[in-house]
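Working notes for the structure below.
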Amino acid sequence: MEDLAIFFSKSLMSWLVIQVCLTLVFIWYLRSSKKNLLPDDQLPKTAVILCLRGADPFLPRCLRSLLNQNYPQYDLKLIVDSHEDPAWKIASETITEQEATNVQISPLRIVRNNCSLKCSSLVQAIHELDDSYKVVALVDADTIVHVNWLRELVSPLSDPKVGATTGYRWYVPTGKYWGSLVRYIGNVSAVVQMFIFQIPWGGTLAMKTEVLRQTELLDKWGQALGEDFMMHNILKKHGLQVKFVPSLLIVNREETDLFNLIDYLKRLILYSRLYHPRWLALVSEAVSSILFPTIVILLILESLLETKWEAAALLLSCYGVYTVGLLLIMLVLELEIQRMVRSNDQAMSIGKPLHVYAKLSVVTIIKMLIGIPLTQWVYGLAMLSSLWISTVTWRGVSYRVQGPWNIRLVEYRPYQWLDQPIDSKVSL
């Protein structure tokens, strides 16, 4: 027992050191990156594409922020799943309210049977662009952007080595559901991983149209479940890199409960297994982050039952240091992100401010501490459950998945108002 206790204690401490080092690299990048924004006359004409199915909680604010960008030439292209979709009415009303002339709203005309609805919408929108558009920017309906979002997203593309620019989603830890807190804790680790592995996020993403054609990404999207994770390897084959823009960390205040979160995580894990360029690294990270702490807890209980006090004390102290270490990592990153959000004035959306700064009260910090082991168990359960998944359902649409490029739409129906969650702040 003592040898086992020493082995897992050292493993846990080693993994904590690795996580601290990766976090420090991420923070160094956040602090050292400088904005090199292009002047108006050098900014290319850009199409911003937003695909909609269902009315996301903050959709009106998302649309207002996109329609009021500090960018000389851009058009917002909305592809809505159907005329019946709740998003169609909201989008139409917001466009009228803003008196916007640089926006086009269209229904999804062809529902492809061999890719996701979002990929169908992207392929449709990009095929309809004329040659005057030199850049395509993708955005999600849960993304509320600041006024320089598009300028900051497009400017780095002037570097010929950059194939795509991206930001990342950042949740807040002050939601009323435990699912929201677990998602926040898991996302802290995910953001650092995506930065290290140069993985783009489709919620804030830009590419030159010539790169889209050169890499044949549209053909891949036409037979895939998702659009972003695959891009790292495809761009790398063409000598291009994905550039993360720190000022485009997008704060998200949507909520979720544990049941819906597990469903979401199973889809995300399957999606990662299909397209993530470092899937085996993710598996090893999961083993370190989920399995090791869980084994240590079981060993603590066994040591106590067998009255092996020294082994129990060693394991308990190491687990305590590990958990508090993870909490400190989260707090340091949270404060760093809040600093960046304030400096970018991202908290002020068009219209009413969102007050995105999380108040790190004592109660919130205690909940975060409790949430760390809960997150490990929830993610572990989702990972195990995802091993047997062959069909995924998202917003009422089902897909059969037999491989990364073997996707079949098995059930489709238009999204309805009755499909909307009762709680208007819950993620769809």
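Identifiers for the structure tokens are assigned positionally: chains receive A, B, ... in sequence, residues are indexed from 1 per chain, and ligands are indexed from 1 in the order shown.
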Please provide as a PyMOL selection string all residues within 9 Å of A:Val211, with the sequence filter that same-chain residues fewer than 3 positions apart are discarded (counting only C-alpha atoms).
-> chain A and resi 163-164+207-208+214-217+235
Export of prior selection with all heavy atoms as an mmCIF file, in the first residue's frame:
data_model
loop_
_atom_site.group_PDB
_atom_site.id
_atom_site.type_symbol
_atom_site.label_atom_id
_atom_site.label_comp_id
_atom_site.auth_asym_id
_atom_site.auth_seq_id
_atom_site.Cartn_x
_atom_site.Cartn_y
_atom_site.Cartn_z
ATOM 1 N N GLY A 163 -2.772 30.910 -41.508
ATOM 2 C CA GLY A 163 -3.867 30.374 -42.309
ATOM 3 C C GLY A 163 -5.232 30.686 -41.745
ATOM 4 O O GLY A 163 -6.211 30.780 -42.470
ATOM 5 N N ALA A 164 -5.308 30.828 -40.415
ATOM 6 C CA ALA A 164 -6.584 31.123 -39.766
ATOM 7 C C ALA A 164 -6.314 31.843 -38.455
ATOM 8 O O ALA A 164 -5.278 31.634 -37.814
ATOM 9 C CB ALA A 164 -7.370 29.841 -39.509
ATOM 10 N N MET A 207 -10.637 33.200 -42.073
ATOM 11 C CA MET A 207 -9.699 32.683 -43.066
ATOM 12 C C MET A 207 -9.822 33.507 -44.344
ATOM 13 O O MET A 207 -10.905 34.022 -44.654
ATOM 14 C CB MET A 207 -10.008 31.218 -43.420
ATOM 15 C CG MET A 207 -9.917 30.240 -42.288
ATOM 16 S SD MET A 207 -10.357 28.583 -42.871
ATOM 17 C CE MET A 207 -8.996 28.270 -44.005
ATOM 18 N N LYS A 208 -8.719 33.602 -45.092
ATOM 19 C CA LYS A 208 -8.797 34.207 -46.420
ATOM 20 C C LYS A 208 -9.516 33.242 -47.359
ATOM 21 O O LYS A 208 -9.345 32.019 -47.263
ATOM 22 C CB LYS A 208 -7.395 34.520 -46.940
ATOM 23 C CG LYS A 208 -6.757 35.736 -46.264
ATOM 24 C CD LYS A 208 -5.360 36.000 -46.744
ATOM 25 C CE LYS A 208 -4.370 35.063 -46.079
ATOM 26 N NZ LYS A 208 -2.963 35.485 -46.259
ATOM 27 N N GLN A 214 -7.621 26.882 -51.646
ATOM 28 C CA GLN A 214 -6.339 26.183 -51.739
ATOM 29 C C GLN A 214 -6.345 24.884 -50.943
ATOM 30 O O GLN A 214 -5.795 23.868 -51.374
ATOM 31 C CB GLN A 214 -5.224 27.111 -51.241
ATOM 32 C CG GLN A 214 -3.849 26.484 -51.160
ATOM 33 C CD GLN A 214 -2.852 27.383 -50.425
ATOM 34 O OE1 GLN A 214 -3.167 28.512 -50.050
ATOM 35 N NE2 GLN A 214 -1.652 26.882 -50.235
ATOM 36 N N THR A 215 -6.955 24.903 -49.770
ATOM 37 C CA THR A 215 -6.936 23.736 -48.885
ATOM 38 C C THR A 215 -8.097 22.783 -49.116
ATOM 39 O O THR A 215 -8.153 21.717 -48.493
ATOM 40 C CB THR A 215 -6.980 24.195 -47.416
ATOM 41 O OG1 THR A 215 -8.147 25.003 -47.207
ATOM 42 C CG2 THR A 215 -5.738 25.015 -47.069
ATOM 43 N N GLU A 216 -9.051 23.177 -49.978
ATOM 44 C CA GLU A 216 -10.234 22.366 -50.252
ATOM 45 C C GLU A 216 -11.031 22.061 -48.983
ATOM 46 O O GLU A 216 -11.614 20.981 -48.838
ATOM 47 C CB GLU A 216 -9.845 21.065 -50.974
ATOM 48 C CG GLU A 216 -9.167 21.312 -52.311
ATOM 49 C CD GLU A 216 -8.785 20.026 -53.025
ATOM 50 O OE1 GLU A 216 -8.715 18.972 -52.357
ATOM 51 O OE2 GLU A 216 -8.563 20.074 -54.239
ATOM 52 N N LEU A 217 -11.053 23.019 -48.075
ATOM 53 C CA LEU A 217 -11.780 22.835 -46.824
ATOM 54 C C LEU A 217 -13.275 22.645 -47.044
ATOM 55 O O LEU A 217 -13.934 21.892 -46.315
ATOM 56 C CB LEU A 217 -11.545 24.030 -45.900
ATOM 57 C CG LEU A 217 -10.566 23.828 -44.750
ATOM 58 C CD1 LEU A 217 -10.290 25.141 -44.044
ATOM 59 C CD2 LEU A 217 -11.079 22.801 -43.759
ATOM 60 N N LEU A 235 -4.411 22.846 -42.493
ATOM 61 C CA LEU A 235 -3.580 24.034 -42.704
ATOM 62 C C LEU A 235 -2.099 23.707 -42.578
ATOM 63 O O LEU A 235 -1.266 24.232 -43.323
ATOM 64 C CB LEU A 235 -3.968 25.122 -41.693
ATOM 65 C CG LEU A 235 -5.364 25.731 -41.867
ATOM 66 C CD1 LEU A 235 -5.672 26.693 -40.730
ATOM 67 C CD2 LEU A 235 -5.493 26.431 -43.205
#
Give one line per residue of stretch 79-177 of chain A that approaches stretch 319-330 of chain A to at most 12 Å, naming the two atoms of the closest pair and their distance in Å to one decimal, counting only C-alpha atoms; sort by chain then ascending residue number and deliver it as a Markdown table.
| residue | atom | partner | partner_atom | distance |
| --- | --- | --- | --- | --- |
| A:Trp170 | CA | A:Met330 | CA | 11.8 |
| A:Tyr171 | CA | A:Met330 | CA | 11.8 |
| A:Val172 | CA | A:Met330 | CA | 11.1 |
| A:Pro173 | CA | A:Met330 | CA | 9.9 |
Atoms kept (C-alpha atoms) for selection, written as a JSON list (two decimals), in the first residue's frame:
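Everything below was put into result12.json:
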[["chain", "number", "residue", "atom", "x", "y", "z"],
["A", 170, "TRP", "CA", -14.67, 31.68, -21.72],
["A", 171, "TYR", "CA", -17.52, 30.81, -19.38],
["A", 172, "VAL", "CA", -18.17, 32.44, -16.00],
["A", 173, "PRO", "CA", -18.17, 30.50, -12.68]]
Which residues in stretch 1-156 of chain A does DSSP call alpha helix (DSSP H)? List them as a PyMOL selection string.
-> chain A and resi 2-32+59-66+86-98+117-127+149-154
Residues of stretch 119-173 of chain A at most 12 Å from stretch 223-233 of chain A: nearest atom pair and distance in Å, only C-alpha atoms, as CSV:
residue,atom,partner,partner_atom,distance
A:Cys119,CA,A:Glu227,CA,6.6
A:Ser120,CA,A:Gln223,CA,9.0
A:Ser121,CA,A:Glu227,CA,11.1
A:Leu122,CA,A:Glu227,CA,8.9
A:Val123,CA,A:Glu227,CA,10.4
A:Leu138,CA,A:Asp228,CA,10.0
A:Val139,CA,A:Asp228,CA,11.5
A:Val162,CA,A:His232,CA,11.4
A:Gly163,CA,A:His232,CA,9.3
A:Ala164,CA,A:Met231,CA,8.7
A:Thr165,CA,A:Met231,CA,11.2
A:Thr166,CA,A:Asp228,CA,10.0
A:Gly167,CA,A:Asp228,CA,11.9
A:Tyr168,CA,A:Asp228,CA,11.9
Among stretch 57-101 of chain A, which residues does DSSP mark as strand (DSSP E) when it is run on the backbone? Keep the chain and numbering as in the structure and answer as a tab-separated table (two decimals) with C-alpha atoms, in the first residue's frame.
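Contents of selection34.tsv, as written:
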chain	number	residue	atom	x	y	z
A	74	TYR	CA	-18.18	43.73	-44.24
A	75	ASP	CA	-21.50	41.98	-44.68
A	76	LEU	CA	-23.29	39.71	-42.23
A	77	LYS	CA	-24.64	36.55	-43.87
A	78	LEU	CA	-27.27	34.74	-41.79
A	79	ILE	CA	-28.22	31.19	-42.73
A	80	VAL	CA	-31.28	30.16	-40.71
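When only C-alpha atoms are used to compute distances to A:Pro421, the closest of the residues A:Pro293, A:Gly380, A:Gly202, A:Gly54 turns out to be A:Gly54.
With only C-alpha atoms as the atoms that count, the minimum distance from A:Gly396 to the choices A:Ala5, A:Tyr415, A:Pro44, A:Arg408 is reached by A:Tyr415.
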Do a neighbour search on A:Glu310 at 12 Å with only C-alpha atoms, toss out local chain neighbours closer than 4 positions, and write the hits as a PyMOL selection string.
-> chain A and resi 1-3+5-6+300+303-304+306+314-317
Could those selected residues go to a file with C-alpha atoms, as a PDB file, in the first residue's frame?
ATOM      1  CA  MET A   1       0.000   0.000   0.000  1.00  0.00           C
ATOM      2  CA  GLU A   2       2.778   2.469   0.875  1.00  0.00           C
ATOM      3  CA  ASP A   3       4.532   1.941  -2.475  1.00  0.00           C
ATOM      4  CA  ALA A   5       0.536   5.581  -2.251  1.00  0.00           C
ATOM      5  CA  ILE A   6       3.972   7.026  -3.070  1.00  0.00           C
ATOM      6  CA  ILE A 300      -7.377   7.129   0.886  1.00  0.00           C
ATOM      7  CA  SER A 303      -5.993   3.190   3.853  1.00  0.00           C
ATOM      8  CA  LEU A 304      -8.431   4.548   6.420  1.00  0.00           C
ATOM      9  CA  GLU A 306      -7.168  -0.681   6.989  1.00  0.00           C
ATOM     10  CA  LEU A 314       0.400  11.099   2.461  1.00  0.00           C
ATOM     11  CA  LEU A 315      -2.385  10.551  -0.050  1.00  0.00           C
ATOM     12  CA  LEU A 316      -4.730  13.033   1.608  1.00  0.00           C
ATOM     13  CA  SER A 317      -2.085  15.770   1.751  1.00  0.00           C
TER      14      SER A 317
END
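Closest approach to A:Ile366 among A:Leu181, A:Pro200, A:Cys51, A:Thr393 is made by A:Leu181 (distances from only C-alpha atoms).
Take the candidates A:Cys115, A:Val410, A:Leu333, A:Met383 and check each one against A:Val20 using only C-alpha atoms; the shortest distance goes to A:Leu333.
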Distance criterion (only C-alpha atoms): nearest to A:Val296 out of A:Pro57, A:Pro373, A:Pro277, A:Gly403 = A:Pro373
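Distances here use only C-alpha atoms; by that measure, the residue among A:Phe292, A:Leu360, A:Ile297, A:Met340 closest to A:Met13 is A:Phe292.
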Determine, counting only C-alpha atoms, which protein, DNA and RNA residues have an atom within 8 Å of an atom of stretch 264-266 of chain A; residues of the same chain fewer than 3 positions away are not included. Present the result as a PyMOL selection string.
-> chain A and resi 260-261+269-270+379+382-383+385-386
Now that the selection is made, can you save its residues with N, CA, C and O atoms as a CSV table (one decimal), in the first residue's frame?
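Everything below was put into out-v3.csv:
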chain,number,residue,atom,x,y,z
A,260,ASN,N,-27.9,18.0,-19.2
A,260,ASN,CA,-27.6,18.5,-20.6
A,260,ASN,C,-26.1,18.6,-20.8
A,260,ASN,O,-25.7,18.5,-22.0
A,261,LEU,N,-25.4,18.9,-19.8
A,261,LEU,CA,-23.9,19.0,-19.9
A,261,LEU,C,-23.3,17.7,-20.3
A,261,LEU,O,-22.4,17.6,-21.2
A,269,ILE,N,-16.7,14.9,-27.0
A,269,ILE,CA,-15.6,13.9,-26.9
A,269,ILE,C,-15.6,13.1,-28.2
A,269,ILE,O,-14.6,12.8,-28.8
A,270,LEU,N,-16.8,12.7,-28.7
A,270,LEU,CA,-16.9,12.0,-30.0
A,270,LEU,C,-16.3,12.9,-31.1
A,270,LEU,O,-15.5,12.4,-31.9
A,379,TYR,N,-16.8,14.4,-16.3
A,379,TYR,CA,-16.0,14.2,-17.5
A,379,TYR,C,-15.7,12.7,-17.7
A,379,TYR,O,-15.7,12.2,-18.8
A,382,ALA,N,-18.8,11.0,-18.9
A,382,ALA,CA,-19.1,11.4,-20.3
A,382,ALA,C,-18.1,10.7,-21.2
A,382,ALA,O,-18.5,10.2,-22.3
A,383,MET,N,-16.9,10.6,-20.8
A,383,MET,CA,-15.9,9.9,-21.7
A,383,MET,C,-16.2,8.4,-21.8
A,383,MET,O,-16.1,7.9,-23.0
A,385,SER,N,-19.2,7.0,-21.5
A,385,SER,CA,-20.4,6.9,-22.2
A,385,SER,C,-20.2,7.1,-23.7
A,385,SER,O,-20.9,6.5,-24.5
A,386,SER,N,-19.2,8.0,-24.1
A,386,SER,CA,-19.0,8.3,-25.5
A,386,SER,C,-18.4,7.2,-26.3
A,386,SER,O,-18.4,7.2,-27.5
For A:Ser92, please output as JSON, numbers by chain all residues within 10 Å (counting only C-alpha atoms; exclusion window: fewer than 5 positions along the same chain).
-> {"A": [87, 97, 104, 105]}
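The coordinates place atom CA of A:Ile262 at 8.0 Å from atom CA of A:Leu381.
As for atom CA of A:Glu336 and atom CA of A:Val283, they are spaced 27.9 Å apart.
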A:Val401 surroundings by only C-alpha atoms, 9 Å radius, close-in-sequence under 2 positions cut, as a PDB file with N, CA, C and O atoms, in the first residue's frame:
ATOM      1  N   LEU A 225     -18.853  16.310 -39.445  1.00  0.00           N
ATOM      2  CA  LEU A 225     -19.774  16.624 -38.350  1.00  0.00           C
ATOM      3  C   LEU A 225     -19.525  18.022 -37.793  1.00  0.00           C
ATOM      4  O   LEU A 225     -20.413  18.634 -37.211  1.00  0.00           O
ATOM      5  N   ILE A 389     -21.022   5.477 -28.471  1.00  0.00           N
ATOM      6  CA  ILE A 389     -21.909   6.337 -29.257  1.00  0.00           C
ATOM      7  C   ILE A 389     -21.717   6.070 -30.759  1.00  0.00           C
ATOM      8  O   ILE A 389     -20.600   6.078 -31.261  1.00  0.00           O
ATOM      9  N   SER A 390     -22.805   5.849 -31.449  1.00  0.00           N
ATOM     10  CA  SER A 390     -22.767   5.779 -32.913  1.00  0.00           C
ATOM     11  C   SER A 390     -23.775   6.752 -33.523  1.00  0.00           C
ATOM     12  O   SER A 390     -23.750   7.006 -34.727  1.00  0.00           O
ATOM     13  N   THR A 391     -24.656   7.281 -32.672  1.00  0.00           N
ATOM     14  CA  THR A 391     -25.640   8.271 -33.111  1.00  0.00           C
ATOM     15  C   THR A 391     -25.636   9.447 -32.145  1.00  0.00           C
ATOM     16  O   THR A 391     -25.634   9.247 -30.928  1.00  0.00           O
ATOM     17  N   VAL A 392     -25.585  10.667 -32.679  1.00  0.00           N
ATOM     18  CA  VAL A 392     -25.627  11.856 -31.835  1.00  0.00           C
ATOM     19  C   VAL A 392     -26.836  12.698 -32.226  1.00  0.00           C
ATOM     20  O   VAL A 392     -27.231  12.738 -33.386  1.00  0.00           O
ATOM     21  N   TYR A 399     -27.708  12.272 -36.091  1.00  0.00           N
ATOM     22  CA  TYR A 399     -26.719  11.851 -37.090  1.00  0.00           C
ATOM     23  C   TYR A 399     -26.172  10.483 -36.703  1.00  0.00           C
ATOM     24  O   TYR A 399     -25.910  10.223 -35.529  1.00  0.00           O
ATOM     25  N   GLY A 403     -17.578   7.250 -38.977  1.00  0.00           N
ATOM     26  CA  GLY A 403     -16.205   7.657 -39.246  1.00  0.00           C
ATOM     27  C   GLY A 403     -16.184   9.156 -39.450  1.00  0.00           C
ATOM     28  O   GLY A 403     -17.236   9.797 -39.603  1.00  0.00           O
ATOM     29  N   PRO A 404     -14.989   9.775 -39.464  1.00  0.00           N
ATOM     30  CA  PRO A 404     -14.921  11.232 -39.608  1.00  0.00           C
ATOM     31  C   PRO A 404     -15.533  11.754 -40.897  1.00  0.00           C
ATOM     32  O   PRO A 404     -16.054  12.870 -40.924  1.00  0.00           O
ATOM     33  N   TRP A 405     -15.489  10.953 -41.954  1.00  0.00           N
ATOM     34  CA  TRP A 405     -16.042  11.396 -43.238  1.00  0.00           C
ATOM     35  C   TRP A 405     -17.194  10.498 -43.678  1.00  0.00           C
ATOM     36  O   TRP A 405     -17.494  10.402 -44.861  1.00  0.00           O
ATOM     37  N   ASN A 406     -17.811   9.856 -42.709  1.00  0.00           N
ATOM     38  CA  ASN A 406     -18.951   8.978 -42.987  1.00  0.00           C
ATOM     39  C   ASN A 406     -20.082   9.338 -42.022  1.00  0.00           C
ATOM     40  O   ASN A 406     -20.350   8.638 -41.052  1.00  0.00           O
ATOM     41  N   ILE A 407     -20.705  10.469 -42.302  1.00  0.00           N
ATOM     42  CA  ILE A 407     -21.778  11.025 -41.458  1.00  0.00           C
ATOM     43  C   ILE A 407     -23.095  10.903 -42.210  1.00  0.00           C
ATOM     44  O   ILE A 407     -23.171  11.226 -43.398  1.00  0.00           O
ATOM     45  N   ARG A 408     -24.123  10.453 -41.537  1.00  0.00           N
ATOM     46  CA  ARG A 408     -25.439  10.349 -42.166  1.00  0.00           C
ATOM     47  C   ARG A 408     -26.493  11.016 -41.298  1.00  0.00           C
ATOM     48  O   ARG A 408     -26.634  10.709 -40.112  1.00  0.00           O
ATOM     49  N   LEU A 409     -27.243  11.930 -41.899  1.00  0.00           N
ATOM     50  CA  LEU A 409     -28.382  12.563 -41.232  1.00  0.00           C
ATOM     51  C   LEU A 409     -29.533  11.560 -41.227  1.00  0.00           C
ATOM     52  O   LEU A 409     -30.014  11.153 -42.282  1.00  0.00           O
TER      53      LEU A 409
END
Tell me, as an NGL selection string, which residues lie within 12 Å of A:Ser82, counting only C-alpha atoms; anything in the same chain fewer than 6 positions away does not count.
-> :A and (51-54 or 88-89 or 105-111 or 117 or 121 or 412-416)
